[in-house]
$ cat protein-v8.cif   # mmCIF, N, CA and C atoms
data_run
loop_
_atom_site.label_atom_id
_atom_site.label_comp_id
_atom_site.auth_asym_id
_atom_site.auth_seq_id
_atom_site.Cartn_x
_atom_site.Cartn_y
_atom_site.Cartn_z
N GLN A 1 0.85 -1.19 0.00
CA GLN A 1 0.00 0.00 0.00
C GLN A 1 0.89 1.25 0.00
N LEU A 2 0.47 2.22 -0.78
CA LEU A 2 1.16 3.50 -0.83
C LEU A 2 0.22 4.58 -0.31
N VAL A 3 0.73 5.46 0.52
CA VAL A 3 -0.08 6.54 1.07
C VAL A 3 0.63 7.87 0.84
N GLU A 4 -0.05 8.79 0.15
CA GLU A 4 0.49 10.12 -0.07
C GLU A 4 0.01 11.06 1.04
N SER A 5 0.83 12.04 1.32
CA SER A 5 0.46 13.10 2.25
C SER A 5 1.26 14.34 1.92
N GLY A 6 0.85 15.45 2.52
CA GLY A 6 1.61 16.68 2.35
C GLY A 6 0.98 17.71 1.43
N GLY A 7 -0.14 17.36 0.82
CA GLY A 7 -0.80 18.33 -0.04
C GLY A 7 -1.45 19.44 0.76
N GLY A 8 -1.94 20.44 0.05
CA GLY A 8 -2.61 21.55 0.71
C GLY A 8 -2.71 22.75 -0.19
N LEU A 9 -3.04 23.88 0.41
CA LEU A 9 -3.18 25.15 -0.30
C LEU A 9 -1.90 25.96 -0.10
N VAL A 10 -1.35 26.44 -1.20
CA VAL A 10 -0.12 27.23 -1.13
C VAL A 10 -0.22 28.38 -2.12
N GLN A 11 0.43 29.47 -1.82
CA GLN A 11 0.42 30.63 -2.71
C GLN A 11 1.41 30.42 -3.85
N PRO A 12 1.16 31.07 -4.97
CA PRO A 12 2.13 30.99 -6.08
C PRO A 12 3.53 31.38 -5.62
N GLY A 13 4.51 30.61 -6.08
CA GLY A 13 5.88 30.83 -5.66
C GLY A 13 6.27 30.05 -4.42
N GLY A 14 5.29 29.44 -3.76
CA GLY A 14 5.56 28.69 -2.54
C GLY A 14 6.06 27.29 -2.81
N SER A 15 6.23 26.55 -1.71
CA SER A 15 6.78 25.20 -1.77
C SER A 15 5.94 24.22 -0.96
N LEU A 16 5.99 22.98 -1.36
CA LEU A 16 5.38 21.88 -0.61
C LEU A 16 6.26 20.66 -0.76
N ARG A 17 6.18 19.77 0.22
CA ARG A 17 6.83 18.47 0.09
C ARG A 17 5.77 17.38 0.23
N LEU A 18 5.60 16.59 -0.82
CA LEU A 18 4.69 15.46 -0.77
C LEU A 18 5.45 14.22 -0.34
N SER A 19 4.78 13.40 0.46
CA SER A 19 5.36 12.14 0.91
C SER A 19 4.58 10.98 0.32
N CYS A 20 5.29 9.92 0.01
CA CYS A 20 4.69 8.68 -0.46
C CYS A 20 5.30 7.58 0.41
N THR A 21 4.51 7.08 1.35
CA THR A 21 5.01 6.10 2.31
C THR A 21 4.43 4.73 2.00
N ALA A 22 5.31 3.74 1.99
CA ALA A 22 4.90 2.37 1.67
C ALA A 22 4.68 1.57 2.94
N SER A 23 3.68 0.72 2.89
CA SER A 23 3.48 -0.26 3.96
C SER A 23 3.30 -1.62 3.32
N GLY A 24 3.97 -2.60 3.91
CA GLY A 24 3.85 -3.95 3.37
C GLY A 24 4.91 -4.32 2.35
N PHE A 25 5.71 -3.36 1.95
CA PHE A 25 6.81 -3.67 1.04
C PHE A 25 7.90 -2.62 1.21
N ILE A 26 9.08 -2.96 0.70
CA ILE A 26 10.23 -2.08 0.84
C ILE A 26 10.30 -1.15 -0.37
N VAL A 27 10.12 0.12 -0.13
CA VAL A 27 10.00 1.06 -1.24
C VAL A 27 11.30 1.16 -2.05
N ALA A 28 12.42 0.84 -1.43
CA ALA A 28 13.69 0.92 -2.15
C ALA A 28 13.76 -0.07 -3.31
N ARG A 29 12.96 -1.10 -3.27
CA ARG A 29 12.98 -2.13 -4.31
C ARG A 29 12.02 -1.82 -5.46
N TYR A 30 11.34 -0.69 -5.37
CA TYR A 30 10.33 -0.34 -6.36
C TYR A 30 10.72 0.93 -7.11
N ARG A 31 10.46 0.92 -8.39
CA ARG A 31 10.48 2.15 -9.16
C ARG A 31 9.23 2.94 -8.79
N ILE A 32 9.41 4.17 -8.39
CA ILE A 32 8.30 5.00 -7.92
C ILE A 32 8.10 6.17 -8.87
N GLY A 33 6.87 6.34 -9.28
CA GLY A 33 6.52 7.46 -10.15
C GLY A 33 5.56 8.40 -9.47
N TRP A 34 5.61 9.66 -9.86
CA TRP A 34 4.65 10.66 -9.41
C TRP A 34 3.83 11.11 -10.62
N PHE A 35 2.53 11.12 -10.43
CA PHE A 35 1.60 11.56 -11.46
C PHE A 35 0.70 12.64 -10.87
N ARG A 36 0.07 13.39 -11.74
CA ARG A 36 -0.92 14.36 -11.27
C ARG A 36 -2.05 14.43 -12.28
N GLN A 37 -3.21 14.84 -11.77
CA GLN A 37 -4.37 15.01 -12.63
C GLN A 37 -5.09 16.27 -12.22
N ALA A 38 -5.12 17.22 -13.13
CA ALA A 38 -5.81 18.48 -12.91
C ALA A 38 -7.27 18.33 -13.33
N PRO A 39 -8.16 19.17 -12.80
CA PRO A 39 -9.58 19.08 -13.17
C PRO A 39 -9.77 19.18 -14.68
N GLY A 40 -10.49 18.21 -15.23
CA GLY A 40 -10.80 18.24 -16.65
C GLY A 40 -9.66 17.83 -17.55
N LYS A 41 -8.56 17.37 -16.97
CA LYS A 41 -7.40 16.99 -17.78
C LYS A 41 -7.03 15.53 -17.52
N GLY A 42 -6.23 14.99 -18.39
CA GLY A 42 -5.76 13.62 -18.24
C GLY A 42 -4.64 13.52 -17.22
N ARG A 43 -4.31 12.32 -16.87
CA ARG A 43 -3.22 12.08 -15.92
C ARG A 43 -1.87 12.36 -16.57
N GLU A 44 -1.02 13.03 -15.85
CA GLU A 44 0.30 13.42 -16.36
C GLU A 44 1.40 12.83 -15.48
N GLY A 45 2.32 12.13 -16.08
CA GLY A 45 3.48 11.63 -15.35
C GLY A 45 4.51 12.73 -15.23
N ILE A 46 4.95 13.05 -14.02
CA ILE A 46 5.82 14.19 -13.84
C ILE A 46 7.20 13.86 -13.30
N SER A 47 7.33 12.73 -12.61
CA SER A 47 8.63 12.43 -12.04
C SER A 47 8.72 10.94 -11.72
N CYS A 48 9.94 10.46 -11.66
CA CYS A 48 10.17 9.04 -11.39
C CYS A 48 11.54 8.90 -10.72
N ILE A 49 11.63 7.91 -9.81
CA ILE A 49 12.93 7.57 -9.24
C ILE A 49 13.13 6.08 -9.38
N SER A 50 14.27 5.71 -9.92
CA SER A 50 14.56 4.31 -10.20
C SER A 50 14.91 3.57 -8.92
N SER A 51 14.66 2.27 -8.92
CA SER A 51 15.04 1.45 -7.77
C SER A 51 16.48 0.95 -7.91
N GLY A 52 16.98 0.89 -9.13
CA GLY A 52 18.33 0.35 -9.31
C GLY A 52 19.42 1.27 -8.80
N ASP A 53 19.33 2.55 -9.16
CA ASP A 53 20.40 3.48 -8.83
C ASP A 53 19.90 4.85 -8.39
N ASP A 54 18.60 4.94 -8.14
CA ASP A 54 17.98 6.22 -7.74
C ASP A 54 18.12 7.29 -8.82
N SER A 55 18.33 6.88 -10.07
CA SER A 55 18.31 7.87 -11.13
C SER A 55 16.89 8.41 -11.26
N THR A 56 16.78 9.63 -11.77
CA THR A 56 15.49 10.30 -11.75
C THR A 56 15.08 10.80 -13.13
N TYR A 57 13.81 11.08 -13.23
CA TYR A 57 13.23 11.65 -14.46
C TYR A 57 12.27 12.76 -14.05
N TYR A 58 12.23 13.82 -14.86
CA TYR A 58 11.27 14.90 -14.64
C TYR A 58 10.67 15.30 -15.99
N SER A 59 9.38 15.56 -15.98
CA SER A 59 8.76 16.09 -17.19
C SER A 59 9.20 17.54 -17.38
N ASP A 60 9.06 18.03 -18.58
CA ASP A 60 9.43 19.41 -18.85
C ASP A 60 8.64 20.40 -18.00
N SER A 61 7.41 20.03 -17.67
CA SER A 61 6.55 20.95 -16.93
C SER A 61 7.02 21.20 -15.50
N VAL A 62 7.84 20.30 -14.94
CA VAL A 62 8.27 20.46 -13.54
C VAL A 62 9.79 20.49 -13.39
N LYS A 63 10.50 20.23 -14.47
CA LYS A 63 11.96 20.18 -14.41
C LYS A 63 12.51 21.47 -13.84
N ALA A 64 13.48 21.38 -12.99
CA ALA A 64 14.16 22.50 -12.34
C ALA A 64 13.35 23.11 -11.20
N ARG A 65 12.12 22.65 -11.01
CA ARG A 65 11.32 23.14 -9.88
C ARG A 65 11.02 22.04 -8.86
N PHE A 66 10.88 20.80 -9.33
CA PHE A 66 10.55 19.68 -8.46
C PHE A 66 11.75 18.76 -8.34
N THR A 67 11.88 18.11 -7.17
CA THR A 67 12.94 17.14 -6.94
C THR A 67 12.35 15.92 -6.24
N VAL A 68 12.71 14.75 -6.72
CA VAL A 68 12.24 13.51 -6.09
C VAL A 68 13.41 12.87 -5.34
N SER A 69 13.11 12.31 -4.18
CA SER A 69 14.14 11.67 -3.37
C SER A 69 13.56 10.48 -2.63
N ARG A 70 14.43 9.62 -2.17
CA ARG A 70 14.00 8.41 -1.46
C ARG A 70 14.66 8.37 -0.10
N ASP A 71 13.92 8.02 0.94
CA ASP A 71 14.46 7.85 2.29
C ASP A 71 14.21 6.41 2.71
N ILE A 72 15.27 5.61 2.68
CA ILE A 72 15.11 4.19 2.98
C ILE A 72 14.67 3.98 4.42
N ALA A 73 15.21 4.75 5.35
CA ALA A 73 14.87 4.59 6.77
C ALA A 73 13.39 4.85 7.02
N GLU A 74 12.82 5.80 6.28
CA GLU A 74 11.40 6.13 6.44
C GLU A 74 10.52 5.32 5.49
N ASN A 75 11.15 4.51 4.63
CA ASN A 75 10.41 3.71 3.64
C ASN A 75 9.48 4.62 2.82
N SER A 76 10.04 5.75 2.41
CA SER A 76 9.23 6.77 1.75
C SER A 76 9.97 7.38 0.57
N VAL A 77 9.19 7.94 -0.32
CA VAL A 77 9.69 8.75 -1.42
C VAL A 77 9.04 10.12 -1.28
N TYR A 78 9.83 11.16 -1.57
CA TYR A 78 9.34 12.52 -1.42
C TYR A 78 9.38 13.25 -2.75
N LEU A 79 8.43 14.16 -2.93
CA LEU A 79 8.45 15.06 -4.07
C LEU A 79 8.51 16.48 -3.51
N HIS A 80 9.66 17.11 -3.67
CA HIS A 80 9.86 18.46 -3.20
C HIS A 80 9.47 19.41 -4.33
N MET A 81 8.49 20.25 -4.07
CA MET A 81 7.95 21.12 -5.11
C MET A 81 8.22 22.58 -4.73
N ASN A 82 8.97 23.25 -5.58
CA ASN A 82 9.32 24.66 -5.37
C ASN A 82 8.77 25.51 -6.50
N HIS A 83 8.70 26.80 -6.24
CA HIS A 83 8.23 27.77 -7.25
C HIS A 83 6.90 27.32 -7.85
N LEU A 84 5.98 26.96 -6.99
CA LEU A 84 4.71 26.44 -7.46
C LEU A 84 3.91 27.50 -8.20
N GLU A 85 3.19 27.02 -9.21
CA GLU A 85 2.38 27.89 -10.08
C GLU A 85 0.94 27.42 -10.05
N PRO A 86 0.00 28.29 -10.38
CA PRO A 86 -1.41 27.86 -10.40
C PRO A 86 -1.63 26.64 -11.30
N GLY A 87 -0.83 26.52 -12.35
CA GLY A 87 -0.95 25.37 -13.25
C GLY A 87 -0.53 24.05 -12.61
N ASP A 88 0.07 24.11 -11.42
CA ASP A 88 0.43 22.88 -10.71
C ASP A 88 -0.72 22.34 -9.89
N THR A 89 -1.83 23.05 -9.82
CA THR A 89 -3.00 22.59 -9.09
C THR A 89 -3.51 21.28 -9.66
N ALA A 90 -3.58 20.27 -8.82
CA ALA A 90 -3.98 18.93 -9.27
C ALA A 90 -4.03 18.00 -8.07
N VAL A 91 -4.58 16.81 -8.31
CA VAL A 91 -4.42 15.72 -7.35
C VAL A 91 -3.14 14.97 -7.74
N TYR A 92 -2.28 14.78 -6.76
CA TYR A 92 -0.98 14.14 -7.00
C TYR A 92 -1.01 12.71 -6.47
N TYR A 93 -0.51 11.80 -7.28
CA TYR A 93 -0.48 10.39 -6.94
C TYR A 93 0.94 9.86 -7.04
N CYS A 94 1.29 8.95 -6.12
CA CYS A 94 2.51 8.19 -6.31
C CYS A 94 2.11 6.77 -6.71
N ALA A 95 3.01 6.12 -7.43
CA ALA A 95 2.75 4.77 -7.92
C ALA A 95 4.04 3.97 -7.88
N GLY A 96 3.92 2.69 -7.65
CA GLY A 96 5.10 1.84 -7.53
C GLY A 96 5.04 0.64 -8.45
N GLN A 97 6.22 0.23 -8.89
CA GLN A 97 6.31 -0.94 -9.75
C GLN A 97 7.53 -1.76 -9.35
N PHE A 98 7.33 -3.06 -9.11
CA PHE A 98 8.43 -3.93 -8.71
C PHE A 98 8.99 -4.71 -9.90
N SER A 99 8.12 -5.23 -10.75
CA SER A 99 8.57 -6.06 -11.85
C SER A 99 9.05 -5.20 -13.02
N GLY A 100 9.73 -5.81 -13.95
CA GLY A 100 10.22 -5.09 -15.11
C GLY A 100 11.47 -4.30 -14.79
N SER A 101 11.85 -3.42 -15.69
CA SER A 101 13.06 -2.63 -15.49
C SER A 101 12.94 -1.73 -14.27
N PRO A 102 14.00 -1.66 -13.45
CA PRO A 102 13.97 -0.75 -12.30
C PRO A 102 14.24 0.70 -12.67
N TYR A 103 14.60 0.95 -13.94
CA TYR A 103 15.07 2.27 -14.33
C TYR A 103 14.00 3.12 -15.00
N CYS A 104 13.87 4.34 -14.55
CA CYS A 104 12.90 5.26 -15.13
C CYS A 104 13.18 5.50 -16.61
N SER A 105 14.42 5.45 -17.00
CA SER A 105 14.80 5.70 -18.39
C SER A 105 14.23 4.67 -19.34
N SER A 106 13.81 3.52 -18.81
CA SER A 106 13.20 2.50 -19.65
C SER A 106 11.75 2.84 -20.01
N PHE A 107 11.22 3.84 -19.35
CA PHE A 107 9.81 4.20 -19.55
C PHE A 107 9.71 5.71 -19.77
N PRO A 108 10.23 6.21 -20.88
CA PRO A 108 10.29 7.66 -21.09
C PRO A 108 8.93 8.32 -21.23
N GLU A 109 7.90 7.57 -21.57
CA GLU A 109 6.57 8.16 -21.73
C GLU A 109 5.81 8.24 -20.41
N MET A 110 6.31 7.57 -19.37
CA MET A 110 5.67 7.59 -18.05
C MET A 110 4.17 7.34 -18.11
N SER A 111 3.80 6.18 -18.57
CA SER A 111 2.39 5.81 -18.61
C SER A 111 1.97 5.21 -17.28
N GLY A 112 0.73 5.46 -16.91
CA GLY A 112 0.21 4.87 -15.68
C GLY A 112 0.18 3.36 -15.73
N SER A 113 0.11 2.81 -16.93
CA SER A 113 0.05 1.35 -17.07
C SER A 113 1.38 0.69 -16.72
N ASP A 114 2.43 1.48 -16.54
CA ASP A 114 3.73 0.94 -16.14
C ASP A 114 3.83 0.69 -14.65
N TYR A 115 2.76 1.00 -13.90
CA TYR A 115 2.78 0.89 -12.44
C TYR A 115 1.59 0.09 -11.95
N ASP A 116 1.85 -0.80 -11.00
CA ASP A 116 0.80 -1.66 -10.47
C ASP A 116 0.18 -1.14 -9.17
N TYR A 117 0.92 -0.39 -8.40
CA TYR A 117 0.46 0.01 -7.06
C TYR A 117 0.31 1.53 -7.02
N TRP A 118 -0.82 1.96 -6.51
CA TRP A 118 -1.16 3.39 -6.49
C TRP A 118 -1.62 3.84 -5.12
N GLY A 119 -1.27 5.08 -4.80
CA GLY A 119 -1.82 5.69 -3.61
C GLY A 119 -3.17 6.31 -3.90
N GLN A 120 -3.77 6.91 -2.87
CA GLN A 120 -5.13 7.46 -2.99
C GLN A 120 -5.13 8.89 -3.52
N GLY A 121 -3.96 9.52 -3.54
CA GLY A 121 -3.84 10.88 -4.04
C GLY A 121 -3.92 11.92 -2.95
N THR A 122 -3.29 13.06 -3.20
CA THR A 122 -3.35 14.19 -2.29
C THR A 122 -3.52 15.47 -3.11
N GLN A 123 -4.40 16.33 -2.66
CA GLN A 123 -4.74 17.54 -3.41
C GLN A 123 -3.70 18.63 -3.16
N VAL A 124 -3.24 19.23 -4.24
CA VAL A 124 -2.39 20.42 -4.17
C VAL A 124 -3.10 21.55 -4.90
N THR A 125 -3.29 22.64 -4.19
CA THR A 125 -3.95 23.82 -4.78
C THR A 125 -3.01 25.01 -4.65
N VAL A 126 -2.71 25.63 -5.78
CA VAL A 126 -1.83 26.79 -5.80
C VAL A 126 -2.68 28.00 -6.19
N SER A 127 -2.88 28.88 -5.21
CA SER A 127 -3.77 30.02 -5.44
C SER A 127 -3.45 31.11 -4.44
N SER A 128 -3.65 32.36 -4.88
CA SER A 128 -3.48 33.48 -3.96
C SER A 128 -4.80 33.85 -3.33
#

$ encode --input "protein-v8.cif" --output "structure tokens"
Amino acid sequence: QLVESGGGLVQPGGSLRLSCTASGFIVARYRIGWFRQAPGKGREGISCISSGDDSTYYSDSVKARFTVSRDIAENSVYLHMNHLEPGDTAVYYCAGQFSGSPYCSSFPEMSGSDYDYWGQGTQVTVSS
């Protein structure tokens, strides 16, 4: 099971840290992806951290503003979001995959079908 937390209301230019905590499995062994879905829009893959070497991927929409990291002791993955914009408003989901390639680079399109385990999502609203 994956559980996201850390969402909320933040002003433009602000920061948030989302957490994705695993229970029942070791998150270090899973490729973890972050997705988001804005109202009326499709799901967008925005970031990924590999299980093999912790290499990362970011979509163009969040590159240089968001950072993904893994904390083995906390069995969690974090998405650090800086310089938030109103366009970042969405429900954010983390997803995990154990089988297949551990590397994010093997899945450059970041499809949701590449992940078997999903959290319930956490709302992020960027507004003044």

$ resolve_selection --input "protein-v8.cif" --expression "the PyMOL selection byres ((chain A and resi 9) around 7)" --output "mmCIF file with N, CA and C atoms, in the frame of the given file"
data_model
loop_
_atom_site.group_PDB
_atom_site.id
_atom_site.type_symbol
_atom_site.label_atom_id
_atom_site.label_comp_id
_atom_site.auth_asym_id
_atom_site.auth_seq_id
_atom_site.Cartn_x
_atom_site.Cartn_y
_atom_site.Cartn_z
ATOM 1 N N GLY A 7 -0.140 17.360 0.820
ATOM 2 C CA GLY A 7 -0.800 18.330 -0.040
ATOM 3 C C GLY A 7 -1.450 19.440 0.760
ATOM 4 N N GLY A 8 -1.940 20.440 0.050
ATOM 5 C CA GLY A 8 -2.610 21.550 0.710
ATOM 6 C C GLY A 8 -2.710 22.750 -0.190
ATOM 7 N N VAL A 10 -1.350 26.440 -1.200
ATOM 8 C CA VAL A 10 -0.120 27.230 -1.130
ATOM 9 C C VAL A 10 -0.220 28.380 -2.120
ATOM 10 N N GLN A 11 0.430 29.470 -1.820
ATOM 11 C CA GLN A 11 0.420 30.630 -2.710
ATOM 12 C C GLN A 11 1.410 30.420 -3.850
ATOM 13 N N GLN A 123 -4.400 16.330 -2.660
ATOM 14 C CA GLN A 123 -4.740 17.540 -3.410
ATOM 15 C C GLN A 123 -3.700 18.630 -3.160
ATOM 16 N N VAL A 124 -3.240 19.230 -4.240
ATOM 17 C CA VAL A 124 -2.390 20.420 -4.170
ATOM 18 C C VAL A 124 -3.100 21.550 -4.900
ATOM 19 N N THR A 125 -3.290 22.640 -4.190
ATOM 20 C CA THR A 125 -3.950 23.820 -4.780
ATOM 21 C C THR A 125 -3.010 25.010 -4.650
ATOM 22 N N VAL A 126 -2.710 25.630 -5.780
ATOM 23 C CA VAL A 126 -1.830 26.790 -5.800
ATOM 24 C C VAL A 126 -2.680 28.000 -6.190
ATOM 25 N N SER A 127 -2.880 28.880 -5.210
ATOM 26 C CA SER A 127 -3.770 30.020 -5.440
ATOM 27 C C SER A 127 -3.450 31.110 -4.440
#

$ closest_residue --input "protein-v8.cif" --among "A:Thr56, A:Gly40, A:Gly13, A:Trp34" --to "A:Leu84" --atoms "all atoms listed in the file"
A:Gly13

$ residues_around --input "protein-v8.cif" --residues "A:Ala38" --least-positions-apart "5" --cutoff "6.5 Å" --atoms "all atoms listed in the file" --output "JSON, numbers by chain"
{"A": [43, 44, 89, 90, 91]}

$ residues_around --input "protein-v8.cif" --residues "stretch 69-74 of chain A" --least-positions-apart "4" --cutoff "6.5 Å" --atoms "all atoms listed in the file" --output "VMD selection string"
chain A and resid 21 to 22 28 78 to 80

$ atom_distance --input "protein-v8.cif" --atom1 "atom C of A:Pro102" --atom2 "atom C of A:Leu16"
24.6 Å

$ atom_distance --input "protein-v8.cif" --atom1 "atom C of A:Tyr92" --atom2 "atom C of A:Ser47"
11.2 Å

$ atom_distance --input "protein-v8.cif" --atom1 "atom CA of A:Glu85" --atom2 "atom CA of A:Cys20"
21.6 Å

$ resolve_selection --input "protein-v8.cif" --expression "the PyMOL selection byres ((chain A and resi 51) around 7)" --output "list in words"
Val27, Ala28, Arg29, Tyr30, Arg31, Ile32, Ile49, Ser50, Gly52, Asp53, Asp54, Ser55, Ser101, Pro102, Tyr103 and Cys104 of chain A

$ closest_residue --input "protein-v8.cif" --among "A:Ser76, A:Gln97, A:Gln1, A:Ser23" --to "A:Ser113" --atoms "only C-alpha atoms"
A:Gln97

$ residues_near_point --input "protein-v8.cif" --point "(11.5, 17.7, -8.5)" --cutoff "7 Å" --atoms "all atoms listed in the file" --output "list in words"
Ser47, Tyr58, Val62, Lys63, Ala64, Arg65, Phe66, Thr67, Val68, Leu79, His80, Met81 and Asn82 of chain A

$ select_by_dssp --input "protein-v8.cif" --residues "chain A" --states "strand (DSSP E or B)" --output "JSON, numbers by chain"
{"A": [2, 3, 4, 5, 8, 9, 10, 16, 17, 18, 19, 20, 21, 22, 31, 32, 33, 34, 35, 36, 37, 43, 44, 45, 46, 47, 48, 49, 56, 57, 58, 66, 67, 68, 69, 70, 71, 76, 77, 78, 79, 80, 81, 90, 91, 92, 93, 94, 95, 96, 97, 117, 118, 122, 123, 124, 125, 126]}

$ axis_aligned_box --input "protein-v8.cif" --around "stretch 98-113 of chain A" --padding-each-side "4 Å" --output "AutoDock Vina command-line options"
--center_x 7.6 --center_y 1.1 --center_z -15.2 --size_x 23.0 --size_y 22.4 --size_z 21.0

$ closest_residue --input "protein-v8.cif" --among "A:Gly6, A:Gly119, A:Gly42, A:Pro12" --to "A:Tyr93" --atoms "only N, CA and C atoms"
A:Gly119

$ closest_residue --input "protein-v8.cif" --among "A:Tyr57, A:His83, A:Asp88, A:Phe107" --to "A:Gly14" --atoms "all atoms listed in the file"
A:His83

$ closest_residue --input "protein-v8.cif" --among "A:Ser111, A:Gly121, A:Ser19, A:Leu2" --to "A:Gly45" --atoms "all atoms listed in the file"
A:Ser111

$ closest_residue --input "protein-v8.cif" --among "A:Ser5, A:Ser105, A:Ser59, A:Ser128" --to "A:Phe35" --atoms "only C-alpha atoms"
A:Ser59
